[in-house]
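Notes to accompany the following structure.
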Amino acid sequence: MDETKYGWWLPVDVSTHGAKIDQLIAVLHWFMLLLFVGWGIFFVYCLWQYRARPGHLAIYAPVKAIATKYIEAFVVVVEVFLLFGLSTPVWLAYKSQPPDESKALHVRLVAEQFAWNFHYAGKDRKFGRTDLALIGGDNPVGLDPDSAEGKDDIVTVNQFHFPVHTPVILDISTKDVIHSFNIPVLRVKQDTIPGQRIPVWFEATDTGHFELGCAQLCGLGHYRMRADVLIDTPEDFAKWEQENAPPPQEAPAAAAPENHPAPEKK
Amino acid sequence: MSDHAHAEHHEMPFWRKYIFSVDHKVIGIQYAVSALVFLLVGFSLMMIMRWQLAYPGQPLPILGKILGDTAMPGGVMAPEFYNQLGAMHGTIMVFMGVVPLAVGGFGNFVTPLQIGAPDMAFPRLNMISYWAFLPGGLIMLASFFVQGGAAQSGWTSYPPLSDIAPAGQTIWCFGMVLLITSSLLGSINFIVTIVQLRAKGLTYWRLPFFVHAQLVTAFLLLLAFPPLEAATVLQLMDRLAGTSFFLPSGLVVSGEQLKIAGGGNPLLWQHLFWFLAHPEVYVLILPAMGIVAEVIANNTRKPLWGYRLLVYSVVFVGFMSFVVWAHHMFMTGMGTTMSTFFQTTTMIISVPSVIILTCFIMSLYGGAIRFTTPMLFATAFLPMFAIGGLTGLPLGLTASDIYLHDTFYVIAHFHYVVAPGTLFALFAGIYYWYPKATGRKLNETLGKIHFWASFVAINFVFMPMFFQGMAGLSRRLYDPTIYAHGRGVQALNVVISWGAWGLGLAQLVFIVNFFLSLKSGARVAENPWNATTLEWATPSPPGHGNFLTEPVVYREPYEYSVPGKANDFSPQFSPEGDGPARPQPRGGA
Amino acid sequence: METAIPHLVEPHPVTGIPNGKFGIWLFLASEVMLFGALFSSYVLIRVGAPHWPPEGGLSSEVLNVPLGTFNTAVLITSSITMVLAWASCKMGSLPKFKLWMAATVGLALVFLVVKYFEYSDKFHHGHFPSHDNFYGIYFVLTGLHGLHIVGGIVVNTYLLTFGSKLWNVDREWFTNRVENAGLYWHFVDLVWIFLFPSLYLL
């Protein structure tokens with residue numbers, strides 16, 4: 001993993017929708033800085049100019065402050081702009097326009113304490129039947145190996161592969177408590193709510209090795225609920241899919257997730 | 001009225017006078033002292049956590065051994081102990097520290113004095129409030145000693161995690177029920193007192209701003225806390241009676257299907273919780289603003305700028321705080337209509353906050369500012385609250401919240417509001433009213449050391465967190481160096497931790513000052529700050545029944561530097577409006 | 001020992017009521033929020049359920065409607081006796097007050113006894129709160145309401161016995177207390193009037 005991509009500010013953005021979010025964050029911070037500095041200068045001026053000292057008296061009559069009205073109006077106008085000019089359109093554009101199903105890669109994510117299980121539909125692009133009763137140590141999503149669609153399904157634990165420049169639709173669910181799916185470099189975050197399956201989508205603009213973390217306290221192993229995000233070239237992804245295709249006995253997820261050691265630092 | 005006859009009854013047994021007292025001043029001090037102790041406890045938990053964050057996996061010297069092998073095996077903090085510390089830090093600071101100090105402490109001590117009342121409307125109910133609060137707090141603390149340790153699902157206690165957590169969570173629920181009950185009874189008392197017991201001439205537009213703030217706060221407590229009580233009852237049922245209000249069907253925990261009926265909804269808890277917890281934010285901040293207003297008016301020696309605007313703003317904030325709660329839940333998959341509604345209300349509520357801040361700053365303009373210790377704290381409140389408030393914007397807007405939600409940016413934001421914001425205001429209040437409560441002043445030199453050390457240290461604690469949050473670091477991580485973006489900002493964790501420990505040291509100065517001044521602080525007369533509001537008409541400390549003669553109010557609360565008067569303050573209680581109503585036995589400030 | 005608090009008995013000139021009555025109204029406001037939150041939870045859970053009650057059938061078949069109806073009548077009657085108790089105070093008759101107050105307490109006890117039989121019937125059939133969310137919400141709502149009934153009984157019994165000594169000290173004060181207890185009692189009654197149809201009938 002390339003550590004230089006991470007500093008004291010926003011990390012690199014490798015998503016198609018993230019630029020708009022970054023832009024909003026930048027505009028907001030410039031606005032905040034402007035307000036704070038302008039207002040701080042006046043504040044310090046007051047503290048200095050009107051400090052108690054011999055011969056200096058306070059002024060009883062209230063100052064007529066027309067400037068404050070303008071400043072407040074300015075704040076309101078900027079906030080309206082932020083709200084309806086930036087934030088809402090960005091959210092709308094991102095949240096209410098799912099990518100074309102036929103062109104997208106469809107993946108299911110089943111979170112649990114403390115692992116991320118990814119369920120790929122495999123070659124036939126159809127998910128096999130899953131059943132809670134089948135969930136076990138080597139079958140974290142409860143996939144029925146006998147179902148016709150499930151024969152070629154791939155299940156990975158803490159490994160999220162997907163191709164670059166391809167929309168990905170991820171159906172997020174959880175087996176136990178609330179987790180939160182969070183990939184900072186993709187600017188996506190979504191809580192996993194027990195009893196619900198929530199779709200999120202994104203499209204990567206660059207290949208690389210990144211991280212997925214849990215953003216919602218989910219128990220003692222919350223901190224190590226981490227997965228590798230591997231954005232491959234389409235060719236590499238196809239190769240990976242082929243290499244990892246079943247026989248199901250050799251499912252890549254071998255150990256029970258609870259015993260997964262924290263990933264080594266690189 | 002026969003309060004004079006009663007004033008002679010001073011020979012009450014000790015337990016009646018100081019322990020089960022019905023006197024609002026004693027109860028106020030009880031609240032304040034308990035809350036300060038709880039604040040220290042909550043802060044200490046955080047100082048222990050900061051070791052693990054600064055030096056992940058390294059054994060904590062000395063304390064690591066004392067805390068024992070369950071919590072700190074081999075001196076290294078266990079992840080579940082880290083989670084307990086985090087959950088209890090939040091719970092203690094909010095429900096047992098800041099609110100009891102701001103409302104229970106200052107509200108109880110100051111409000112009746114400022115409105116010219118002999119006591120609260122229901123003195124015995126007041127005593128019961130305190131005696132529901134203290135056991136509630138102690139039960140919470142005791143939960144550290146049960147099997148599995150204290151609550152560890154965050155102060156927000158989201159189910160299903162909290163439903164399946166160890167026994168400490170049950171104790172958390174019982175503690176919360178007591179704390180909520182205490183707050184409810186207290187809020188009824190405050191509203192009735194403020195509405196019914198105001199002195200002659202004390203109209204609503206002559207009320208000190210502090211009282212307005214307390215009134216709005218009391219309404220928030222009264223109406224926002226019951227839903228949390230309901231939620232807590234439901235969670236208790238889930239934990240003890242096996243119901244599944246917050247548990248949907250088909251949960252598999254550690255590979256085992258949970259044996260429950262199912263059909264519940266985990267988001268129900270979040271709605272009920274945040275319906276309280278957002279108004280709760282204003283419960284924390286409004287009394288603080290009230291204190292800041294009092295201290296600023298007194299130390300600028302001029303009337304508050306925009307007093308009526310301030311009052312309208314807090315009332316508006318109070319109303320709006322009930323319709324913003326779901327901005328804590330943008331990431332739960334809510335629909336666009338709902339998220340747009342809640343981000344709009346969130347932006348609307350920021351407008352009165354800007355107005356309040358503007359009024360405070362404009363109050364400085366044209367003053368003759370005395371930089372006393374309370375004024376230093378009140379002055380520092382303004383930029384600190386401004387930072388806290390402004391950084392709320394990116395969190396209140398849905399699109400930027402996608403990235404910043406549940407990162408350290410959030411921690412930095414609300415701590416700027418509550419720690420260097422509210423807590424600084426509360427310190428201002430302590431320095432300001434300590435002479436009224438004890439008859440002695442806190443030492444100014446120690447006070448200034450306390451202020452400057454705290455001010456510098458606290459910014460070292462919270463400012464770096466904005467950068468950590470920007471880098472994408474999630475909150476509540478036992479070991480942030482698991483992540484590459486966490487390793488990128490790990491150096492800041494060391495800075496923050498040393499800042500926190502420095503802040504702890506600075507509080508020692510305050511503790512020493514607090515006790516030292518109790519014994520040897522400079523004695524003060526009725527009105528040491530040359531202030532105008534009614535509490536300064538009483539002796540310091542006021543006796544039982546508060547006022548020697550029935551107070552009458554003649555004018556607005558902040559009549560400082562009125563032209564043509566001999567003194568620069570015209571107290572509300574002085575008919576001539578010219579300095580003290582009665583000759584003062586000894587020199588004031 | 002206690003300081004004289006203004007408007008303990010005589011009404012405040014602006015609000016027109018004494019402290020106690022104001023306090024009880026505020027208390028009831030918070031109670032509305034408490035039961036309101038529980039009702040909302042009930043609605044949310046019910047709307048999210050594929051069938052209500054989850055095990056099938058109708059609420060009116062699962063719960064005992066005749067007993068519920070009887071209890072509704074009992075509570076409404078107790079509200080009337082409560083008003084009569086207060087009216088007796090107003091008209092200056094302590095014995096009549098005691099009669100009507102005793103009737104109120106008695107009716108409240110009848111309510112609890114009926115509730116006891118309803119509960120034990122459910123328990124006999126193994127229907128504990130954990131059975132499903134229908135029983136969960138039923139036991140939480142009626143249980144909390146039952147606790148409010150118990151609270152009312154305690155307050156009313158106090159007014160009936162030791163509390164009535166205040167009559168000889170300050171009649172108006174005592175009458176105010178009875179009125180406040182009455183306000184509370186009507187509220188508890190009102191909650192039941194919402195609970196009964198929404199749990200038993202709908």
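Each chain in the structure tokens gets a letter, A, B, ..., in the order shown, and its residues are numbered from 1; ligands are numbered from 1 in order too.
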
### Message
Quick check: residues of chain A within 6 Å of chain B, only C-alpha atoms, returned as number ranges by chain.
### Response
A: 6-11, 21, 25, 46, 50-52, 57-60, 87, 91, 175-177, 184, 187, 189-191, 195, 215, 220, 223

### Task
Output the contact residues of chain C with respect to chain B at a cut-off of 7 Å, based on only C-alpha atoms, as a ChimeraX atom specification.
/C:1,3-6,12,19,22-23,26-27,30,33-34,37-38,41,45,49,129-133,136

### Task
Please provide the set of residues having any atom within 12 Å of Tyr116 in chain C, restricted to only C-alpha atoms, with same-chain residues fewer than 2 positions apart removed, written as a ChimeraX atom specification.
/C:67-68,71,109-114,118-123,139,142-143,146

### Query
Which of these, B:Ile349, B:Ile296, B:Val37, B:Leu310, has the shortest distance to Val76 in chain A once you count only C-alpha atoms?
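That would be B:Ile349, the residue with the smallest distance to Val76 in chain A.
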
### Message
One decimal, in Å: what's the spacing between CA of Leu178 in chain B and CA of Gly137 in chain B?
### Response
8.4 Å

Using only C-alpha atoms, determine which residues lie at most 9 Å from range 276-281 of chain B, disregarding the query and same-chain residues fewer than 2 positions distant; provide the list as a short mmCIF file (atom, residue, chain, number, x, y, z; two decimals) with all heavy atoms, in the first residue's frame.
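Written output follows (around.cif):
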```cif
data_model
loop_
_atom_site.label_atom_id
_atom_site.label_comp_id
_atom_site.auth_asym_id
_atom_site.auth_seq_id
_atom_site.Cartn_x
_atom_site.Cartn_y
_atom_site.Cartn_z
N VAL B 94 -21.69 14.01 29.65
CA VAL B 94 -22.94 14.65 29.26
C VAL B 94 -23.97 14.60 30.38
O VAL B 94 -24.49 15.62 30.82
CB VAL B 94 -23.50 14.00 27.98
CG1 VAL B 94 -24.90 14.52 27.69
CG2 VAL B 94 -22.59 14.27 26.81
N VAL B 99 -24.48 18.64 32.24
CA VAL B 99 -25.87 19.03 32.51
C VAL B 99 -26.12 19.26 34.00
O VAL B 99 -26.70 20.29 34.38
CB VAL B 99 -26.86 18.00 31.93
CG1 VAL B 99 -28.27 18.33 32.33
CG2 VAL B 99 -26.74 17.97 30.43
N THR B 156 -24.02 6.44 22.90
CA THR B 156 -25.27 6.39 22.15
C THR B 156 -25.95 5.04 22.28
O THR B 156 -27.13 4.91 21.97
CB THR B 156 -24.98 6.63 20.66
OG1 THR B 156 -23.90 5.80 20.27
CG2 THR B 156 -24.59 8.07 20.41
N THR B 217 -34.02 25.86 28.40
CA THR B 217 -33.38 24.58 28.69
C THR B 217 -34.33 23.64 29.42
O THR B 217 -34.42 22.46 29.10
CB THR B 217 -32.14 24.82 29.58
OG1 THR B 217 -31.28 25.74 28.92
CG2 THR B 217 -31.40 23.55 29.85
N LEU B 220 -36.71 22.09 27.12
CA LEU B 220 -36.08 21.05 26.32
C LEU B 220 -35.97 19.76 27.12
O LEU B 220 -36.27 18.67 26.64
CB LEU B 220 -34.69 21.49 25.85
CG LEU B 220 -34.62 22.68 24.92
CD1 LEU B 220 -33.20 22.88 24.41
CD2 LEU B 220 -35.54 22.48 23.73
N LEU B 221 -35.52 19.89 28.38
CA LEU B 221 -35.38 18.70 29.22
C LEU B 221 -36.73 18.04 29.41
O LEU B 221 -36.87 16.82 29.31
CB LEU B 221 -34.80 19.08 30.58
CG LEU B 221 -33.32 19.40 30.64
CD1 LEU B 221 -32.94 19.90 32.01
CD2 LEU B 221 -32.50 18.17 30.30
N LEU B 223 -39.43 18.01 27.61
CA LEU B 223 -40.09 17.37 26.47
C LEU B 223 -39.20 16.40 25.71
O LEU B 223 -39.69 15.51 25.02
CB LEU B 223 -40.62 18.44 25.51
CG LEU B 223 -41.62 19.40 26.16
CD1 LEU B 223 -42.06 20.48 25.19
CD2 LEU B 223 -42.84 18.65 26.68
N ALA B 224 -37.89 16.55 25.84
CA ALA B 224 -37.01 15.67 25.05
C ALA B 224 -36.60 14.43 25.82
O ALA B 224 -36.31 13.40 25.23
CB ALA B 224 -35.78 16.44 24.60
N PHE B 225 -36.55 14.52 27.14
CA PHE B 225 -36.07 13.37 27.91
C PHE B 225 -37.03 12.19 27.93
O PHE B 225 -36.59 11.04 27.90
CB PHE B 225 -35.70 13.78 29.33
CG PHE B 225 -34.21 13.84 29.57
CD1 PHE B 225 -33.61 14.92 30.15
CD2 PHE B 225 -33.41 12.76 29.21
CE1 PHE B 225 -32.23 14.97 30.36
CE2 PHE B 225 -32.05 12.79 29.41
CZ PHE B 225 -31.46 13.90 29.99
N PRO B 226 -38.36 12.41 27.99
CA PRO B 226 -39.25 11.24 28.08
C PRO B 226 -39.07 10.23 26.94
O PRO B 226 -39.07 9.03 27.21
CB PRO B 226 -40.66 11.85 28.07
CG PRO B 226 -40.47 13.21 28.61
CD PRO B 226 -39.12 13.66 28.14
N PRO B 227 -38.86 10.66 25.67
CA PRO B 227 -38.63 9.65 24.65
C PRO B 227 -37.40 8.78 24.94
O PRO B 227 -37.41 7.58 24.64
CB PRO B 227 -38.43 10.47 23.38
CG PRO B 227 -39.21 11.69 23.62
CD PRO B 227 -39.05 11.99 25.07
N LEU B 228 -36.35 9.37 25.52
CA LEU B 228 -35.20 8.54 25.85
C LEU B 228 -35.56 7.58 26.97
O LEU B 228 -35.11 6.44 27.01
CB LEU B 228 -33.99 9.38 26.25
CG LEU B 228 -32.74 8.53 26.51
CD1 LEU B 228 -32.27 7.82 25.27
CD2 LEU B 228 -31.62 9.36 27.08
N HIS B 271 -33.82 6.87 16.46
CA HIS B 271 -34.76 7.99 16.40
C HIS B 271 -35.10 8.48 17.80
O HIS B 271 -35.08 9.68 18.08
CB HIS B 271 -36.03 7.58 15.66
CG HIS B 271 -35.87 7.61 14.17
ND1 HIS B 271 -35.68 8.77 13.47
CD2 HIS B 271 -35.85 6.62 13.25
CE1 HIS B 271 -35.55 8.50 12.17
NE2 HIS B 271 -35.65 7.19 12.02
N LEU B 272 -35.42 7.56 18.68
CA LEU B 272 -35.79 7.97 20.05
C LEU B 272 -34.60 8.61 20.73
O LEU B 272 -34.72 9.62 21.43
CB LEU B 272 -36.27 6.76 20.86
CG LEU B 272 -37.59 6.14 20.42
CD1 LEU B 272 -37.86 4.87 21.20
CD2 LEU B 272 -38.74 7.11 20.60
N PHE B 273 -33.42 8.01 20.54
CA PHE B 273 -32.24 8.53 21.21
C PHE B 273 -31.91 9.94 20.75
O PHE B 273 -31.72 10.84 21.55
CB PHE B 273 -31.04 7.61 20.98
CG PHE B 273 -29.80 8.09 21.68
CD1 PHE B 273 -29.57 7.74 23.00
CD2 PHE B 273 -28.88 8.91 21.04
CE1 PHE B 273 -28.44 8.21 23.66
CE2 PHE B 273 -27.76 9.37 21.70
CZ PHE B 273 -27.54 9.02 23.01
N TRP B 274 -31.88 10.14 19.44
CA TRP B 274 -31.48 11.45 18.94
C TRP B 274 -32.58 12.48 19.11
O TRP B 274 -32.30 13.68 19.12
CB TRP B 274 -30.99 11.37 17.49
CG TRP B 274 -29.66 10.71 17.40
CD1 TRP B 274 -29.39 9.52 16.82
CD2 TRP B 274 -28.42 11.18 17.95
NE1 TRP B 274 -28.05 9.22 16.97
CE2 TRP B 274 -27.44 10.22 17.66
CE3 TRP B 274 -28.05 12.33 18.66
CZ2 TRP B 274 -26.11 10.37 18.05
CZ3 TRP B 274 -26.72 12.47 19.04
CH2 TRP B 274 -25.77 11.50 18.74
N VAL B 283 -29.28 21.76 25.57
CA VAL B 283 -29.31 21.78 27.03
C VAL B 283 -27.90 22.05 27.56
O VAL B 283 -27.72 22.71 28.58
CB VAL B 283 -29.85 20.44 27.57
CG1 VAL B 283 -29.62 20.31 29.06
CG2 VAL B 283 -31.33 20.29 27.25
N LEU B 284 -26.91 21.56 26.85
CA LEU B 284 -25.53 21.80 27.27
C LEU B 284 -25.12 23.24 26.99
O LEU B 284 -24.44 23.87 27.79
CB LEU B 284 -24.57 20.87 26.53
CG LEU B 284 -24.77 19.37 26.65
CD1 LEU B 284 -23.82 18.63 25.73
CD2 LEU B 284 -24.52 18.92 28.07
N ILE B 285 -25.54 23.76 25.83
CA ILE B 285 -24.96 25.03 25.40
C ILE B 285 -25.75 26.24 25.89
O ILE B 285 -25.17 27.30 26.15
CB ILE B 285 -24.80 25.04 23.86
CG1 ILE B 285 -23.85 26.15 23.42
CG2 ILE B 285 -26.12 25.19 23.13
CD1 ILE B 285 -22.44 25.87 23.70
N LEU B 286 -27.08 26.13 26.03
CA LEU B 286 -27.86 27.32 26.38
C LEU B 286 -27.52 27.89 27.76
O LEU B 286 -27.31 29.10 27.88
CB LEU B 286 -29.36 27.05 26.26
CG LEU B 286 -29.87 26.79 24.83
CD1 LEU B 286 -31.38 26.61 24.83
CD2 LEU B 286 -29.49 27.92 23.91
N GLY B 318 -34.54 26.71 20.70
CA GLY B 318 -35.21 25.67 21.48
C GLY B 318 -36.24 24.94 20.64
O GLY B 318 -36.27 23.71 20.61
N MET B 320 -36.47 24.79 17.31
CA MET B 320 -35.87 24.10 16.17
C MET B 320 -35.13 22.84 16.59
O MET B 320 -34.99 21.91 15.81
CB MET B 320 -34.90 25.04 15.43
CG MET B 320 -35.57 26.13 14.63
SD MET B 320 -36.75 25.51 13.45
CE MET B 320 -35.67 24.66 12.29
N SER B 321 -34.62 22.83 17.82
CA SER B 321 -33.80 21.69 18.21
C SER B 321 -34.59 20.39 18.22
O SER B 321 -34.01 19.31 18.23
CB SER B 321 -33.17 21.94 19.59
OG SER B 321 -34.14 21.87 20.59
N PHE B 322 -35.92 20.49 18.17
CA PHE B 322 -36.73 19.28 18.14
C PHE B 322 -36.87 18.69 16.73
O PHE B 322 -37.39 17.60 16.58
CB PHE B 322 -38.12 19.54 18.72
CG PHE B 322 -38.12 19.61 20.21
CD1 PHE B 322 -38.17 20.81 20.87
CD2 PHE B 322 -38.07 18.44 20.96
CE1 PHE B 322 -38.15 20.87 22.25
CE2 PHE B 322 -38.05 18.49 22.34
CZ PHE B 322 -38.09 19.71 22.99
N VAL B 323 -36.47 19.44 15.72
CA VAL B 323 -36.69 18.93 14.36
C VAL B 323 -35.39 18.79 13.58
O VAL B 323 -35.39 18.91 12.36
CB VAL B 323 -37.68 19.82 13.57
CG1 VAL B 323 -39.08 19.62 14.09
CG2 VAL B 323 -37.29 21.28 13.66
N VAL B 324 -34.30 18.56 14.27
CA VAL B 324 -33.04 18.37 13.54
C VAL B 324 -32.41 17.02 13.84
O VAL B 324 -31.35 16.71 13.31
CB VAL B 324 -32.01 19.47 13.88
CG1 VAL B 324 -32.52 20.83 13.44
CG2 VAL B 324 -31.67 19.49 15.35
N TRP B 325 -33.08 16.18 14.67
CA TRP B 325 -32.37 15.04 15.23
C TRP B 325 -31.80 14.07 14.20
O TRP B 325 -30.74 13.50 14.41
CB TRP B 325 -33.25 14.31 16.24
CG TRP B 325 -34.25 13.38 15.63
CD1 TRP B 325 -34.05 12.06 15.36
CD2 TRP B 325 -35.59 13.67 15.23
NE1 TRP B 325 -35.18 11.53 14.81
CE2 TRP B 325 -36.13 12.48 14.71
CE3 TRP B 325 -36.38 14.81 15.25
CZ2 TRP B 325 -37.43 12.41 14.23
CZ3 TRP B 325 -37.68 14.73 14.77
CH2 TRP B 325 -38.19 13.55 14.26
N ALA B 326 -32.51 13.90 13.07
CA ALA B 326 -32.06 12.84 12.16
C ALA B 326 -30.81 13.22 11.38
O ALA B 326 -30.33 12.42 10.60
CB ALA B 326 -33.18 12.45 11.22
N HIS B 328 -28.13 13.19 12.60
CA HIS B 328 -27.14 12.24 13.12
C HIS B 328 -27.23 10.90 12.39
O HIS B 328 -26.46 10.00 12.67
CB HIS B 328 -27.36 12.01 14.61
CG HIS B 328 -27.17 13.24 15.43
ND1 HIS B 328 -25.96 13.58 15.99
CD2 HIS B 328 -28.02 14.22 15.77
CE1 HIS B 328 -26.09 14.72 16.64
NE2 HIS B 328 -27.32 15.13 16.53
N PHE B 414 -17.83 18.54 18.13
CA PHE B 414 -18.71 18.68 19.29
C PHE B 414 -17.94 18.94 20.57
O PHE B 414 -18.47 19.52 21.51
CB PHE B 414 -19.74 17.54 19.41
CG PHE B 414 -19.21 16.20 19.81
CD1 PHE B 414 -18.83 15.96 21.12
CD2 PHE B 414 -19.15 15.17 18.90
CE1 PHE B 414 -18.37 14.72 21.49
CE2 PHE B 414 -18.70 13.92 19.27
CZ PHE B 414 -18.30 13.70 20.57
N VAL B 417 -17.62 22.59 20.87
CA VAL B 417 -18.84 23.18 21.41
C VAL B 417 -18.92 22.96 22.92
O VAL B 417 -19.25 23.86 23.69
CB VAL B 417 -20.08 22.59 20.71
CG1 VAL B 417 -21.35 23.10 21.36
CG2 VAL B 417 -20.07 22.94 19.24
N VAL B 418 -18.61 21.74 23.34
CA VAL B 418 -18.90 21.36 24.73
C VAL B 418 -17.71 21.59 25.66
O VAL B 418 -17.91 22.01 26.80
CB VAL B 418 -19.37 19.90 24.81
CG1 VAL B 418 -19.60 19.49 26.24
CG2 VAL B 418 -20.66 19.72 24.03
#
```

### Message
Rounded to one decimal, what separation in Å do you get between CA of Arg46 in chain C and CA of Val62 in chain C?
### Response
15.5 Å

### Message
From the options A:His165, A:Phe210, A:Gln97, A:Gln196, which residue's atoms come nearest to chain C, counting only C-alpha atoms?
### Response
A:Gln196
